[in-house]
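Peer 1: Take a look at structure-v6.txt, compact mmCIF, C-alpha atoms:
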# COMPACT_ATOMS: atom_id res chain seq x y z
CA MET Q 127 -15.93 -36.16 -21.61
CA LYS Q 128 -18.98 -36.27 -23.88
CA LYS Q 129 -21.22 -35.51 -20.88
CA TYR Q 130 -19.26 -32.37 -20.00
CA LEU Q 131 -19.25 -31.27 -23.64
CA ILE Q 132 -23.08 -31.50 -23.78
CA ILE Q 133 -23.40 -29.53 -20.53
CA SER Q 134 -21.01 -26.86 -21.82
CA VAL Q 135 -22.92 -26.50 -25.10
CA PHE Q 136 -26.21 -26.27 -23.17
CA PHE Q 137 -24.99 -23.46 -20.91
CA PHE Q 138 -23.42 -21.70 -23.90
CA ASN Q 139 -26.85 -21.69 -25.59
CA VAL Q 140 -28.46 -20.35 -22.42
CA ILE Q 141 -25.96 -17.50 -22.25
CA ILE Q 142 -26.35 -16.66 -25.94
CA ASN Q 143 -30.16 -16.69 -25.70
CA SER Q 144 -30.06 -14.56 -22.56
CA PHE Q 145 -27.86 -12.01 -24.33
CA ALA Q 146 -30.10 -12.08 -27.40
CA GLN Q 147 -33.20 -11.48 -25.30
CA GLN Q 148 -31.62 -8.38 -23.78
CA ASN Q 149 -30.75 -6.99 -27.22
CA ALA Q 150 -33.69 -8.17 -29.31
CA PRO Q 151 -35.37 -5.63 -31.66
CA PHE Q 152 -38.78 -6.55 -30.18
CA GLU Q 153 -40.33 -7.65 -26.91
CA TRP Q 154 -41.22 -11.36 -26.78
CA GLU Q 155 -44.85 -11.30 -25.60
CA PHE Q 156 -46.25 -14.69 -26.46
CA ASP Q 157 -45.00 -16.75 -23.51
CA ASP Q 158 -47.82 -16.58 -20.96
CA ASP Q 159 -45.66 -17.90 -18.11
CA TYR Q 160 -47.51 -21.18 -18.46
CA LYS Q 161 -46.12 -22.78 -15.32
CA LYS Q 162 -47.16 -20.06 -12.88
CA THR Q 163 -50.56 -18.88 -14.09
CA ARG Q 164 -53.93 -20.57 -13.71
CA ILE Q 165 -55.86 -18.81 -16.44
CA PHE Q 166 -58.53 -21.14 -17.80
CA ILE Q 167 -60.46 -21.61 -14.59
CA HIS Q 168 -61.20 -17.87 -14.78
CA ALA Q 169 -61.90 -17.13 -18.44
CA PHE Q 170 -63.73 -20.33 -19.35
CA VAL Q 171 -65.95 -20.89 -16.31
CA ASN Q 172 -66.98 -18.27 -13.79
CA TYR Q 173 -66.21 -15.34 -16.12
CA ASP Q 174 -68.39 -16.90 -18.79
CA PHE Q 175 -71.86 -15.40 -19.31
CA SER Q 176 -74.94 -17.23 -18.11
CA PRO Q 177 -76.40 -19.40 -20.91
CA SER Q 178 -79.76 -17.59 -20.65
CA TRP Q 179 -77.97 -14.25 -21.16
CA GLN Q 180 -76.13 -15.63 -24.16
CA ILE Q 181 -79.34 -16.96 -25.73
CA GLU Q 182 -80.96 -13.54 -25.36
CA TRP Q 183 -77.92 -11.85 -26.90
CA GLU Q 184 -77.80 -14.20 -29.87
CA LYS Q 185 -81.54 -13.79 -30.47
CA ASN Q 186 -81.23 -9.99 -30.65
CA LEU Q 187 -77.81 -9.77 -32.30
CA PHE Q 188 -79.19 -8.19 -35.50
CA LYS Q 189 -82.55 -7.09 -34.16
CA ARG Q 190 -81.87 -4.53 -31.42
CA ASN Q 191 -79.13 -2.28 -30.12
CA GLY Q 192 -77.21 -3.97 -27.32
CA LEU Q 193 -74.27 -3.67 -24.94
CA LYS Q 194 -72.54 -6.54 -23.15
CA THR Q 195 -69.56 -6.17 -20.79
CA ASP Q 196 -67.47 -8.59 -18.75
CA PHE Q 197 -64.73 -7.53 -16.32
CA GLY Q 198 -62.80 -9.74 -13.92
CA SER Q 199 -59.53 -10.10 -12.08
CA THR Q 200 -57.11 -12.73 -13.42
CA THR Q 201 -53.91 -11.76 -11.59
CA VAL Q 202 -52.93 -9.01 -9.16
CA LYS Q 203 -52.02 -6.78 -12.12
CA ASP Q 204 -54.25 -8.04 -14.95
CA LEU Q 205 -57.94 -7.39 -15.60
CA TYR Q 206 -59.86 -9.64 -17.97
CA ASN Q 207 -62.27 -7.52 -19.98
CA GLU Q 208 -64.68 -8.12 -22.83
CA ILE Q 209 -66.86 -5.40 -24.32
CA GLU Q 210 -69.35 -5.85 -27.16
CA LEU Q 211 -71.64 -3.18 -28.58
CA VAL Q 212 -74.00 -3.70 -31.54
CA MET Q 213 -76.14 -1.13 -33.36
CA ASN Q 214 -79.00 -2.14 -35.68
CA VAL Q 215 -80.85 0.92 -36.91
CA ASP Q 216 -83.64 0.85 -39.51
CA ILE Q 217 -83.09 4.09 -41.45
CA GLY Q 218 -86.00 3.52 -43.87
CA LYS Q 219 -86.61 2.41 -47.45
CA ASP Q 220 -85.13 -1.06 -46.80
CA TRP Q 221 -81.84 0.36 -45.50
CA TRP Q 222 -80.15 -0.42 -42.15
CA PHE Q 223 -77.15 0.99 -40.41
CA ARG Q 224 -75.08 -1.80 -38.82
CA SER Q 225 -72.25 -1.36 -36.36
CA SER Q 226 -70.39 -3.68 -33.99
CA PHE Q 227 -67.61 -2.82 -31.59
CA TYR Q 228 -65.70 -5.57 -29.79
CA ARG Q 229 -62.74 -5.64 -27.41
CA ASP Q 230 -61.33 -8.73 -25.73
CA GLN Q 231 -58.28 -8.56 -23.48
CA SER Q 232 -57.63 -12.04 -22.15
CA GLN Q 233 -54.63 -13.86 -20.80
CA TYR Q 234 -55.08 -16.85 -23.05
CA LYS Q 235 -55.13 -14.75 -26.25
CA ASP Q 236 -51.82 -13.61 -27.67
CA GLU Q 237 -53.11 -10.26 -28.93
CA ASN Q 238 -55.81 -7.98 -27.66
CA GLU Q 239 -58.71 -8.51 -30.04
CA GLU Q 240 -60.47 -5.32 -31.08
CA TYR Q 241 -62.60 -4.21 -34.01
CA ASN Q 242 -65.12 -1.52 -34.85
CA TYR Q 243 -67.15 -2.49 -37.91
CA MET Q 244 -69.73 -0.11 -39.31
CA GLY Q 245 -71.61 0.14 -42.58
CA PHE Q 246 -74.92 -0.26 -44.37
CA GLU Q 247 -77.25 -3.07 -45.37
CA ARG Q 248 -79.85 -3.01 -48.16
CA ARG Q 249 -82.73 -5.41 -48.72
CA ILE Q 250 -82.79 -6.46 -52.38
CA TYR Q 251 -85.47 -9.16 -52.43
CA ARG Q 252 -87.85 -10.26 -49.67
CA ASN Q 253 -85.61 -11.48 -46.81
CA LEU Q 254 -82.38 -11.27 -48.82
CA SER Q 255 -80.02 -8.36 -48.17
CA ILE Q 256 -76.49 -7.35 -49.07
CA TYR Q 257 -74.20 -5.36 -46.80
CA SER Q 258 -70.80 -3.75 -46.64
CA LEU Q 259 -68.90 -3.09 -43.40
CA CYS Q 260 -65.60 -1.36 -42.72
CA ASN Q 261 -63.36 -1.95 -39.71
CA THR Q 262 -61.71 1.41 -39.06
CA TYR Q 263 -58.29 2.00 -37.48
CA TYR Q 264 -56.12 5.03 -36.82
CA ASP Q 265 -53.34 3.34 -38.81
CA LYS Q 266 -54.87 3.20 -42.27
CA GLU Q 267 -52.88 0.14 -43.33
CA GLU Q 268 -54.88 -1.89 -40.78
CA ILE Q 269 -58.35 -1.06 -42.15
CA ASP Q 270 -60.47 -4.13 -43.04
CA ILE Q 271 -63.53 -4.47 -45.25
CA ASP Q 272 -66.38 -7.02 -45.45
CA LEU Q 273 -68.85 -7.61 -48.26
CA GLY Q 274 -71.63 -10.10 -47.66
CA PHE Q 275 -75.24 -11.22 -47.87
CA SER Q 276 -77.90 -11.81 -45.22
CA ILE Q 277 -81.04 -13.94 -45.06
CA MET Q 278 -83.36 -13.35 -42.09
CA ASP Q 279 -86.86 -14.33 -41.09
CA SER Q 280 -89.51 -11.72 -40.32
CA THR Q 281 -88.47 -11.54 -36.62
CA SER Q 282 -84.73 -11.14 -37.36
CA GLU Q 283 -84.12 -13.83 -34.73
CA LYS Q 284 -83.19 -16.46 -37.31
CA TYR Q 285 -80.44 -15.41 -39.66
CA CYS Q 286 -77.67 -16.51 -41.97
CA ARG Q 287 -75.03 -13.86 -42.62
CA ILE Q 288 -71.86 -14.63 -44.56
CA ALA Q 289 -69.29 -12.09 -45.74
CA LEU Q 290 -66.02 -12.14 -47.63
CA SER Q 291 -63.40 -10.25 -45.62
CA TYR Q 292 -60.29 -8.50 -46.86
CA ASP Q 293 -58.06 -7.46 -43.98
CA ASP Q 294 -55.44 -4.69 -44.24
CA PHE Q 295 -56.51 -4.05 -47.82
CA LEU Q 296 -54.66 -0.71 -47.94
CA TYR Q 297 -51.41 -2.07 -46.54
CA ASP Q 298 -49.27 -1.71 -49.68
CA GLU Q 299 -50.26 1.94 -50.14
CA LYS Q 300 -50.37 3.12 -46.51
CA ASN Q 301 -47.63 1.34 -44.52
CA GLN Q 302 -44.45 3.28 -43.77
CA LYS Q 303 -42.07 0.30 -43.75
CA GLY Q 304 -41.98 -0.36 -47.48
CA GLY Q 305 -43.86 -3.61 -46.99
CA LYS Q 306 -45.55 -5.47 -49.85
CA VAL Q 307 -48.28 -8.08 -49.28
CA THR Q 308 -47.38 -11.34 -51.02
CA GLU Q 309 -50.19 -13.46 -49.50
CA GLU Q 310 -53.49 -11.60 -49.12
CA PRO Q 311 -55.36 -11.96 -45.78
CA LEU Q 312 -58.67 -13.02 -47.33
CA GLY Q 313 -61.30 -14.85 -45.33
CA VAL Q 314 -64.91 -15.45 -44.33
CA ASN Q 315 -66.88 -13.76 -41.54
CA TRP Q 316 -70.19 -15.37 -40.53
CA ALA Q 317 -73.08 -15.47 -38.06
CA ILE Q 318 -75.83 -18.12 -38.31
CA ARG Q 319 -78.79 -18.87 -36.02
CA TYR Q 320 -81.49 -21.39 -36.91
CA SER Q 321 -83.94 -23.77 -35.21
CA ILE Q 322 -85.51 -27.13 -35.95
CA ASN Q 323 -88.38 -27.70 -33.50
CA LYS Q 324 -86.74 -27.67 -30.04
CA LEU Q 325 -83.19 -27.65 -31.41
CA TRP Q 326 -81.37 -24.33 -31.92
CA ILE Q 327 -78.05 -23.89 -33.70
CA PHE Q 328 -75.79 -20.86 -33.45
CA THR Q 329 -72.33 -20.26 -34.91
CA GLN Q 330 -70.23 -17.15 -35.32
CA GLY Q 331 -66.63 -16.55 -36.28
CA LYS Q 332 -64.01 -15.49 -38.72
CA TYR Q 333 -61.51 -17.54 -40.69
CA THR Q 334 -58.73 -15.77 -42.59
CA ASN Q 335 -55.81 -17.33 -44.40
CA CYS Q 336 -52.27 -16.58 -43.24
CA SER Q 337 -51.09 -13.20 -44.53
CA GLU Q 338 -47.51 -12.64 -45.66
CA ILE Q 339 -45.66 -9.35 -46.00
CA GLU Q 340 -42.17 -8.82 -47.41
CA TYR Q 341 -40.08 -5.80 -46.47
CA ASN Q 342 -37.60 -5.19 -49.29
CA ASN Q 343 -36.44 -1.71 -48.32
CA PRO Q 344 -33.65 -1.95 -45.68
CA ASP Q 345 -33.75 1.82 -45.18
CA LEU Q 346 -37.42 1.78 -44.12
CA SER Q 347 -37.24 -1.61 -42.41
CA PRO Q 348 -33.64 -2.27 -41.33
CA GLU Q 349 -34.45 -5.20 -39.02
CA ILE Q 350 -37.30 -7.40 -40.30
CA TYR Q 351 -37.72 -8.64 -43.87
CA LEU Q 352 -40.68 -11.10 -43.64
CA LEU Q 353 -43.85 -11.28 -41.55
CA GLN Q 354 -46.56 -13.96 -41.51
CA HIS Q 355 -49.64 -13.53 -39.34
CA GLN Q 356 -52.95 -15.31 -38.75
CA ILE Q 357 -55.73 -15.13 -36.13
CA ASN Q 358 -58.91 -17.20 -36.30
CA ASN Q 359 -61.80 -17.41 -33.84
CA LEU Q 360 -65.01 -19.38 -34.01
CA VAL Q 361 -67.78 -20.63 -31.78
CA ALA Q 362 -70.46 -23.24 -32.56
CA LYS Q 363 -73.38 -24.03 -30.23
CA MET Q 364 -76.32 -26.37 -30.14
CA TYR Q 365 -79.22 -25.89 -27.70
CA TYR Q 366 -82.00 -28.33 -27.01
CA PHE Q 367 -85.02 -27.04 -25.04
CA PHE Q 368 -86.93 -29.61 -23.02
CA LYS Q 369 -89.03 -26.83 -21.47
CA ARG Q 370 -88.78 -23.04 -21.38
CA ASN Q 371 -86.20 -22.91 -18.56
CA CYS Q 372 -84.88 -26.42 -18.97
CA PHE Q 373 -82.33 -26.90 -21.74
CA SER Q 374 -78.93 -28.33 -22.63
CA GLU Q 375 -76.07 -26.66 -24.49
CA LEU Q 376 -73.13 -28.11 -26.39
CA ARG Q 377 -70.46 -25.58 -27.37
CA ILE Q 378 -67.13 -25.66 -29.19
CA ARG Q 379 -64.81 -22.66 -29.24
CA HIS Q 380 -61.59 -22.54 -31.24
CA TYR Q 381 -58.78 -19.99 -31.06
CA HIS Q 382 -55.86 -20.09 -33.51
CA PHE Q 383 -52.91 -17.70 -33.49
CA PHE Q 384 -49.79 -17.89 -35.67
CA GLU Q 385 -46.97 -15.44 -36.23
CA LYS Q 386 -43.60 -15.73 -37.95
CA GLU Q 387 -40.99 -12.98 -38.22
CA LEU Q 388 -37.67 -13.24 -40.07
CA TYR Q 389 -34.91 -10.76 -39.23
CA TYR Q 390 -31.64 -9.87 -40.91
CA GLN Q 391 -30.02 -10.84 -37.60
CA THR Q 392 -31.16 -14.45 -37.82
CA GLU Q 393 -30.86 -15.13 -34.07
CA PHE Q 394 -33.96 -12.96 -33.55
CA SER Q 395 -36.15 -14.78 -36.10
CA TYR Q 396 -39.00 -16.82 -34.64
CA SER Q 397 -42.31 -18.54 -35.25
CA TYR Q 398 -45.07 -19.05 -32.70
CA LEU Q 399 -48.30 -21.06 -32.84
CA ASN Q 400 -50.98 -21.14 -30.13
CA GLU Q 401 -54.10 -23.24 -30.63
CA ILE Q 402 -56.86 -23.66 -28.05
CA TYR Q 403 -60.08 -25.68 -28.09
CA ASP Q 404 -62.79 -25.31 -25.45
CA ILE Q 405 -65.43 -28.05 -25.59
CA SER Q 406 -68.24 -27.64 -23.08
CA CYS Q 407 -71.65 -29.03 -22.26
CA LYS Q 408 -74.23 -27.50 -19.92
CA TYR Q 409 -77.59 -28.48 -18.61
CA GLN Q 410 -80.01 -26.14 -16.87
CA HIS Q 411 -82.86 -27.66 -14.89
CA GLN Q 412 -85.63 -25.82 -13.06
CA LEU Q 413 -86.33 -27.60 -9.78
CA ASN Q 414 -89.22 -25.30 -8.86
CA SER Q 415 -90.34 -21.71 -9.42
CA LYS Q 416 -87.35 -20.30 -7.51
CA ILE Q 417 -84.54 -22.84 -7.64
CA SER Q 418 -82.58 -24.08 -10.65
CA ILE Q 419 -79.40 -26.09 -10.98
CA ARG Q 420 -76.79 -25.99 -13.74
CA PRO Q 421 -74.00 -28.60 -14.08
CA VAL Q 422 -71.26 -27.60 -16.55
CA LEU Q 423 -68.34 -29.54 -18.00
CA HIS Q 424 -65.41 -27.99 -19.90
CA TYR Q 425 -62.54 -29.76 -21.62
CA ILE Q 426 -59.62 -27.55 -22.67
CA ILE Q 427 -56.95 -28.49 -25.21
CA GLN Q 428 -54.00 -26.17 -25.78
CA ASN Q 429 -50.86 -26.56 -27.89
CA ALA Q 430 -48.32 -23.72 -28.00
CA VAL Q 431 -45.13 -24.12 -30.01
CA ALA Q 432 -42.31 -21.59 -30.41
CA ASN Q 433 -39.21 -21.94 -32.61
CA GLY Q 434 -36.18 -19.77 -33.22
CA TYR Q 435 -35.62 -16.89 -30.82
CA GLN Q 436 -37.62 -18.84 -28.23
CA THR Q 437 -37.91 -22.61 -28.55
CA TYR Q 438 -40.42 -24.56 -26.51
CA ASP Q 439 -43.40 -26.88 -26.76
CA PHE Q 440 -46.27 -26.53 -24.30
CA LYS Q 441 -49.28 -28.82 -23.99
CA ARG Q 442 -52.21 -28.42 -21.65
CA ARG Q 443 -55.17 -30.70 -21.07
CA GLU Q 444 -57.75 -29.55 -18.55
CA LEU Q 445 -61.06 -31.00 -17.38
CA ILE Q 446 -63.30 -28.55 -15.50
CA PRO Q 447 -66.57 -29.84 -14.03
CA SER Q 448 -68.67 -27.34 -12.07
CA ILE Q 449 -72.12 -27.04 -10.58
CA ILE Q 450 -74.09 -23.86 -9.98
CA MET Q 451 -77.31 -23.50 -8.00
CA GLU Q 452 -79.51 -20.43 -8.48
CA TYR Q 453 -82.15 -19.03 -6.13
CA SER Q 454 -84.42 -16.49 -7.86
CA LEU Q 455 -86.28 -13.61 -6.22
CA SER Q 456 -88.63 -11.08 -7.83
CA ASN Q 457 -85.97 -8.79 -9.36
CA SER Q 458 -82.76 -10.54 -8.36
CA ALA Q 459 -81.09 -13.91 -7.93
CA TRP Q 460 -78.31 -15.57 -5.93
CA GLU Q 461 -76.00 -18.23 -7.34
CA PHE Q 462 -73.61 -20.53 -5.51
CA GLY Q 463 -71.06 -22.55 -7.43
CA VAL Q 464 -68.20 -25.00 -7.04
CA VAL Q 465 -65.60 -25.44 -9.79
CA TRP Q 466 -63.09 -28.27 -9.87
CA SER Q 467 -60.17 -28.29 -12.27
CA LYS Q 468 -58.04 -31.32 -13.14
CA TYR Q 469 -55.18 -30.34 -15.42
CA ARG Q 470 -52.01 -31.71 -16.97
CA LEU Q 471 -49.19 -29.45 -18.16
CA ASP Q 472 -46.20 -30.52 -20.25
CA TYR Q 473 -43.54 -27.89 -20.97
CA ASP Q 474 -40.38 -28.71 -22.94
CA ASP Q 475 -37.69 -26.11 -23.62
CA ILE Q 476 -34.25 -26.99 -24.97
CA ASN Q 477 -32.78 -23.82 -23.44
CA ASP Q 478 -34.46 -24.04 -20.05
CA LEU Q 479 -33.56 -26.19 -17.07
CA ASP Q 480 -37.09 -25.71 -15.83
CA ASP Q 481 -38.79 -28.30 -18.06
CA TYR Q 482 -41.72 -29.83 -16.27
CA GLU Q 483 -44.70 -32.12 -16.48
CA THR Q 484 -47.45 -31.48 -13.95
CA LEU Q 485 -50.62 -33.32 -13.07
CA ASN Q 486 -52.64 -31.39 -10.51
CA SER Q 487 -56.09 -30.14 -9.51
CA ASP Q 488 -57.71 -27.05 -7.97
CA ILE Q 489 -61.10 -26.31 -6.48
CA LYS Q 490 -62.78 -22.92 -6.63
CA TYR Q 491 -65.84 -21.55 -4.82
CA MET Q 492 -67.93 -18.66 -6.08
CA ILE Q 493 -70.99 -16.66 -5.21
CA ARG Q 494 -72.97 -14.43 -7.60
CA TRP Q 495 -75.66 -11.82 -7.27
CA THR Q 496 -77.83 -10.80 -10.24
CA TYR Q 497 -80.14 -7.81 -10.41
CA ASN Q 498 -82.74 -7.18 -13.13
CA PHE Q 499 -83.19 -3.45 -13.67
CA SER Q 500 -85.90 -4.15 -16.26
CA LYS Q 501 -86.70 -6.54 -19.08
CA ASN Q 502 -83.82 -4.92 -21.00
CA ALA Q 503 -80.99 -4.56 -18.46
CA TRP Q 504 -79.21 -7.02 -16.15
CA LEU Q 505 -76.26 -6.72 -13.80
CA GLN Q 506 -74.32 -9.57 -12.19
CA PHE Q 507 -71.49 -9.40 -9.64
CA SER Q 508 -69.53 -12.36 -8.34
CA ILE Q 509 -66.60 -13.16 -6.08
CA SER Q 510 -64.61 -16.38 -6.16
CA HIS Q 511 -61.64 -17.95 -4.47
CA VAL Q 512 -59.24 -20.89 -4.84
CA PRO Q 513 -58.24 -21.89 -1.27
CA GLU Q 514 -54.90 -23.36 -2.42
CA ILE Q 515 -53.82 -20.01 -3.91
CA GLU Q 516 -52.65 -17.26 -1.59
CA GLY Q 517 -54.64 -14.02 -1.52
CA PHE Q 518 -58.12 -13.05 -2.72
CA GLY Q 519 -59.45 -15.01 -5.67
CA GLY Q 520 -61.00 -12.08 -7.55
CA GLY Q 521 -64.26 -10.41 -8.50
CA ASN Q 522 -66.22 -10.32 -11.73
CA LEU Q 523 -68.84 -7.94 -13.16
CA HIS Q 524 -71.28 -8.75 -15.98
CA TYR Q 525 -73.67 -6.22 -17.52
CA MET Q 526 -76.02 -6.57 -20.47
CA MET Q 527 -78.65 -4.22 -21.85
CA PHE Q 528 -80.77 -3.64 -24.96
CA PHE Q 529 -81.90 -0.20 -26.07
Once you've parsed the file, please lay out its structure as structure tokens.
Peer 2:
Amino acid sequence: MKKYLIISVFFFNVIINSFAQQNAPFEWEFDDDYKKTRIFIHAFVNYDFSPSWQIEWEKNLFKRNGLKTDFGSTTVKDLYNEIELVMNVDIGKDWWFRSSFYRDQSQYKDENEEYNYMGFERRIYRNLSIYSLCNTYYDKEEIDIDLGFSIMDSTSEKYCRIALSYDDFLYDEKNQKGGKVTEEPLGVNWAIRYSINKLWIFTQGKYTNCSEIEYNNPDLSPEIYLLQHQINNLVAKMYYFFKRNCFSELRIRHYHFFEKELYYQTEFSYSYLNEIYDISCKYQHQLNSKISIRPVLHYIIQNAVANGYQTYDFKRRELIPSIIMEYSLSNSAWEFGVVWSKYRLDYDDINDLDDYETLNSDIKYMIRWTYNFSKNAWLQFSISHVPEIEGFGGGNLHYMMFF
């Protein structure tokens, strides 16, 4: 009898949740269909920029104007894309105009990341400067502001830039929902590049505390009464150069997303946390004047937890070793790579019969072609395929230029 009672309660919950999902005041967009998609082998490996490209970008990040783009197929309907544009203009008398536009639309991120900072920097003493940047949006309540200081060497290739950030600082005055900020989204935005002999260190990111907004006017906001939100991104790298074209790289990337919404209809309230770590090491070795080899190892850790409207716990552990061989010509290069992925997935959902735990592996082959237009512009196109997955594996386009 007890067994049948448990089964009845389970199916009752399934029916109630199914009905709630059809009548929810929002679209649940955080579940990335974890069981059916193979996302990390794309975004973290063959869609990643060449280490030599990244080094060049980091060196010129606050020295020159630059554009970097990355487009690639992740599913039949989805296109991974990353666009970054920086402007560094010396306007005279120790003043600079600084601007940075960034857009990242990735499967593994829960929101499309986009910003457009612009502002001015003023040298106040030798290599010490102060700057103020504003992140503009059409919706004024989403405008952010940064105030920081910068220390650079004479080449602008070594730098330490740290800013205090205040996101959505006009929210109370400009939002149309009657919302009041009770926990301010204050944080730190930084970019640091420094060297000690053959060792180079680079880190960039933003950390902001969890913001909280209360909606106390049921006429303006008849559904939701509390919102908490937090997104943090950071990357830290360490390069060691044995020779000019022979170096190793250790990198850690961290992505943190949290959102909590409380509704007057409590069955729609939810909280969602998604945390991802990408730990990688690379080694590039020049065999001769034309051939180089690059082994790469990634380890991915993901924990995604949802409570309330959706309730599940997802864990992913993934080891991705790969090896890439490059053959260089005068103005172009060919690369051939093999990527192997060993992953473990563990998905638990109290309202889903489809709980699973999977231990599996995939292998992916790729070929790349790079063309150097000049010393300031590079284009790379690649195609790749996983034999175990039906259909074409996808193409990828990288472009980087300085001007």
Peer 1: Within 7 Å of stretch 275-279 of chain Q, counting all atoms listed in the file, which residues show up once you throw out same-chain ones fewer than 3 positions away? Write them as a VMD selection string, please.
Peer 2: chain Q and resid 253 to 257 282 to 289
Peer 1: Which is closer to Q:Gln356 than all the others in Q:Glu444, Q:Glu153, Q:Glu340, Q:Glu237, using all atoms listed in the file?
Peer 2: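 With all atoms listed in the file as the atom set, the closest residue is Q:Glu237.
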Peer 1: Report, in Å with one decimal, the straight-line distance from atom CA of Q:Lys300 to atom CA of Q:Phe227.
Peer 2: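 Interatomic distance here is 23.6 Å.
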Peer 1: Between Q:Tyr398, Q:Trp495, Q:Phe152, Q:Tyr264, which one has atoms that come closest to Q:Phe440, using all atoms listed in the file?
Peer 2: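 Answer, going by the shortest atom-to-atom distance: Q:Tyr398.
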Peer 1: Counting only C-alpha atoms, which residue out of Q:Met526, Q:Val422, Q:Val307, Q:Ala362 sits closest to Q:Lys332?
Peer 2: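 Closest to Q:Lys332 of all the choices is Q:Ala362.
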Peer 1: Which residue, Q:Asn477, Q:Arg224, Q:Ile402, Q:Glu461, has the smallest gap to Q:Tyr438 when you use all atoms listed in the file?
Peer 2: Q:Asn477
Peer 1: For Q:Lys203, which of Q:Asp157, Q:Ser258, Q:Ser454, Q:Gln233 is the closest residue, counting all atoms listed in the file?
Peer 2: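 Using all atoms listed in the file, the shortest distance to Q:Lys203 belongs to Q:Gln233.
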Peer 1: In Å to one decimal, how far is atom CA of Q:Asn433 from atom CA of Q:Ser337?
Peer 2: 19.0 Å
Peer 1: Quick one: residues within 7 Å of Q:Asn486, only C-alpha atoms, excluding same-chain residues fewer than 2 positions away - as a ChimeraX atom specification?
Peer 2: /Q:468-470,484
Peer 1: Just to be explicit: take each residue in the selection above, keep C-alpha atoms, and write the result as a CSV table (one decimal), in the coordinates of the input.
Peer 2:
chain,number,residue,atom,x,y,z
Q,468,LYS,CA,-58.0,-31.3,-13.1
Q,469,TYR,CA,-55.2,-30.3,-15.4
Q,470,ARG,CA,-52.0,-31.7,-17.0
Q,484,THR,CA,-47.4,-31.5,-14.0
Peer 1: Show me that you can extract stretch 295-307 of chain Q, keeping N, CA and C atoms, and write it as a PDB file, in the first residue's frame.
Peer 2:
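And here's selection13.pdb as it stands now:
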ATOM      1  N   PHE Q 295      23.212  51.114 -11.477  1.00  0.00           N
ATOM      2  CA  PHE Q 295      23.208  52.128 -10.416  1.00  0.00           C
ATOM      3  C   PHE Q 295      22.031  53.098 -10.518  1.00  0.00           C
ATOM      4  N   LEU Q 296      21.293  53.070 -11.617  1.00  0.00           N
ATOM      5  CA  LEU Q 296      20.108  53.918 -11.764  1.00  0.00           C
ATOM      6  C   LEU Q 296      18.805  53.131 -11.599  1.00  0.00           C
ATOM      7  N   TYR Q 297      18.901  51.911 -11.091  1.00  0.00           N
ATOM      8  CA  TYR Q 297      17.735  51.032 -11.111  1.00  0.00           C
ATOM      9  C   TYR Q 297      16.544  51.622 -10.345  1.00  0.00           C
ATOM     10  N   ASP Q 298      16.781  52.123  -9.149  1.00  0.00           N
ATOM     11  CA  ASP Q 298      15.674  52.637  -8.336  1.00  0.00           C
ATOM     12  C   ASP Q 298      14.915  53.753  -9.043  1.00  0.00           C
ATOM     13  N   GLU Q 299      15.640  54.607  -9.772  1.00  0.00           N
ATOM     14  CA  GLU Q 299      15.014  55.767 -10.401  1.00  0.00           C
ATOM     15  C   GLU Q 299      14.410  55.444 -11.771  1.00  0.00           C
ATOM     16  N   LYS Q 300      14.953  54.439 -12.481  1.00  0.00           N
ATOM     17  CA  LYS Q 300      14.580  54.246 -13.884  1.00  0.00           C
ATOM     18  C   LYS Q 300      13.720  53.017 -14.165  1.00  0.00           C
ATOM     19  N   ASN Q 301      13.641  52.054 -13.256  1.00  0.00           N
ATOM     20  CA  ASN Q 301      12.852  50.861 -13.578  1.00  0.00           C
ATOM     21  C   ASN Q 301      11.360  51.172 -13.508  1.00  0.00           C
ATOM     22  N   GLN Q 302      10.577  50.444 -14.280  1.00  0.00           N
ATOM     23  CA  GLN Q 302       9.142  50.687 -14.381  1.00  0.00           C
ATOM     24  C   GLN Q 302       8.313  49.650 -13.635  1.00  0.00           C
ATOM     25  N   LYS Q 303       8.971  48.879 -12.744  1.00  0.00           N
ATOM     26  CA  LYS Q 303       8.258  47.857 -11.983  1.00  0.00           C
ATOM     27  C   LYS Q 303       8.101  48.223 -10.512  1.00  0.00           C
ATOM     28  N   GLY Q 304       8.561  49.411 -10.146  1.00  0.00           N
ATOM     29  CA  GLY Q 304       8.487  49.808  -8.743  1.00  0.00           C
ATOM     30  C   GLY Q 304       9.491  49.096  -7.871  1.00  0.00           C
ATOM     31  N   GLY Q 305      10.563  48.595  -8.486  1.00  0.00           N
ATOM     32  CA  GLY Q 305      11.567  47.850  -7.732  1.00  0.00           C
ATOM     33  C   GLY Q 305      12.519  48.756  -6.965  1.00  0.00           C
ATOM     34  N   LYS Q 306      12.945  48.267  -5.780  1.00  0.00           N
ATOM     35  CA  LYS Q 306      13.912  48.972  -4.950  1.00  0.00           C
ATOM     36  C   LYS Q 306      15.066  48.028  -4.622  1.00  0.00           C
ATOM     37  N   VAL Q 307      16.299  48.493  -4.874  1.00  0.00           N
ATOM     38  CA  VAL Q 307      17.483  47.677  -4.627  1.00  0.00           C
ATOM     39  C   VAL Q 307      17.760  47.637  -3.136  1.00  0.00           C
TER      40      VAL Q 307
END
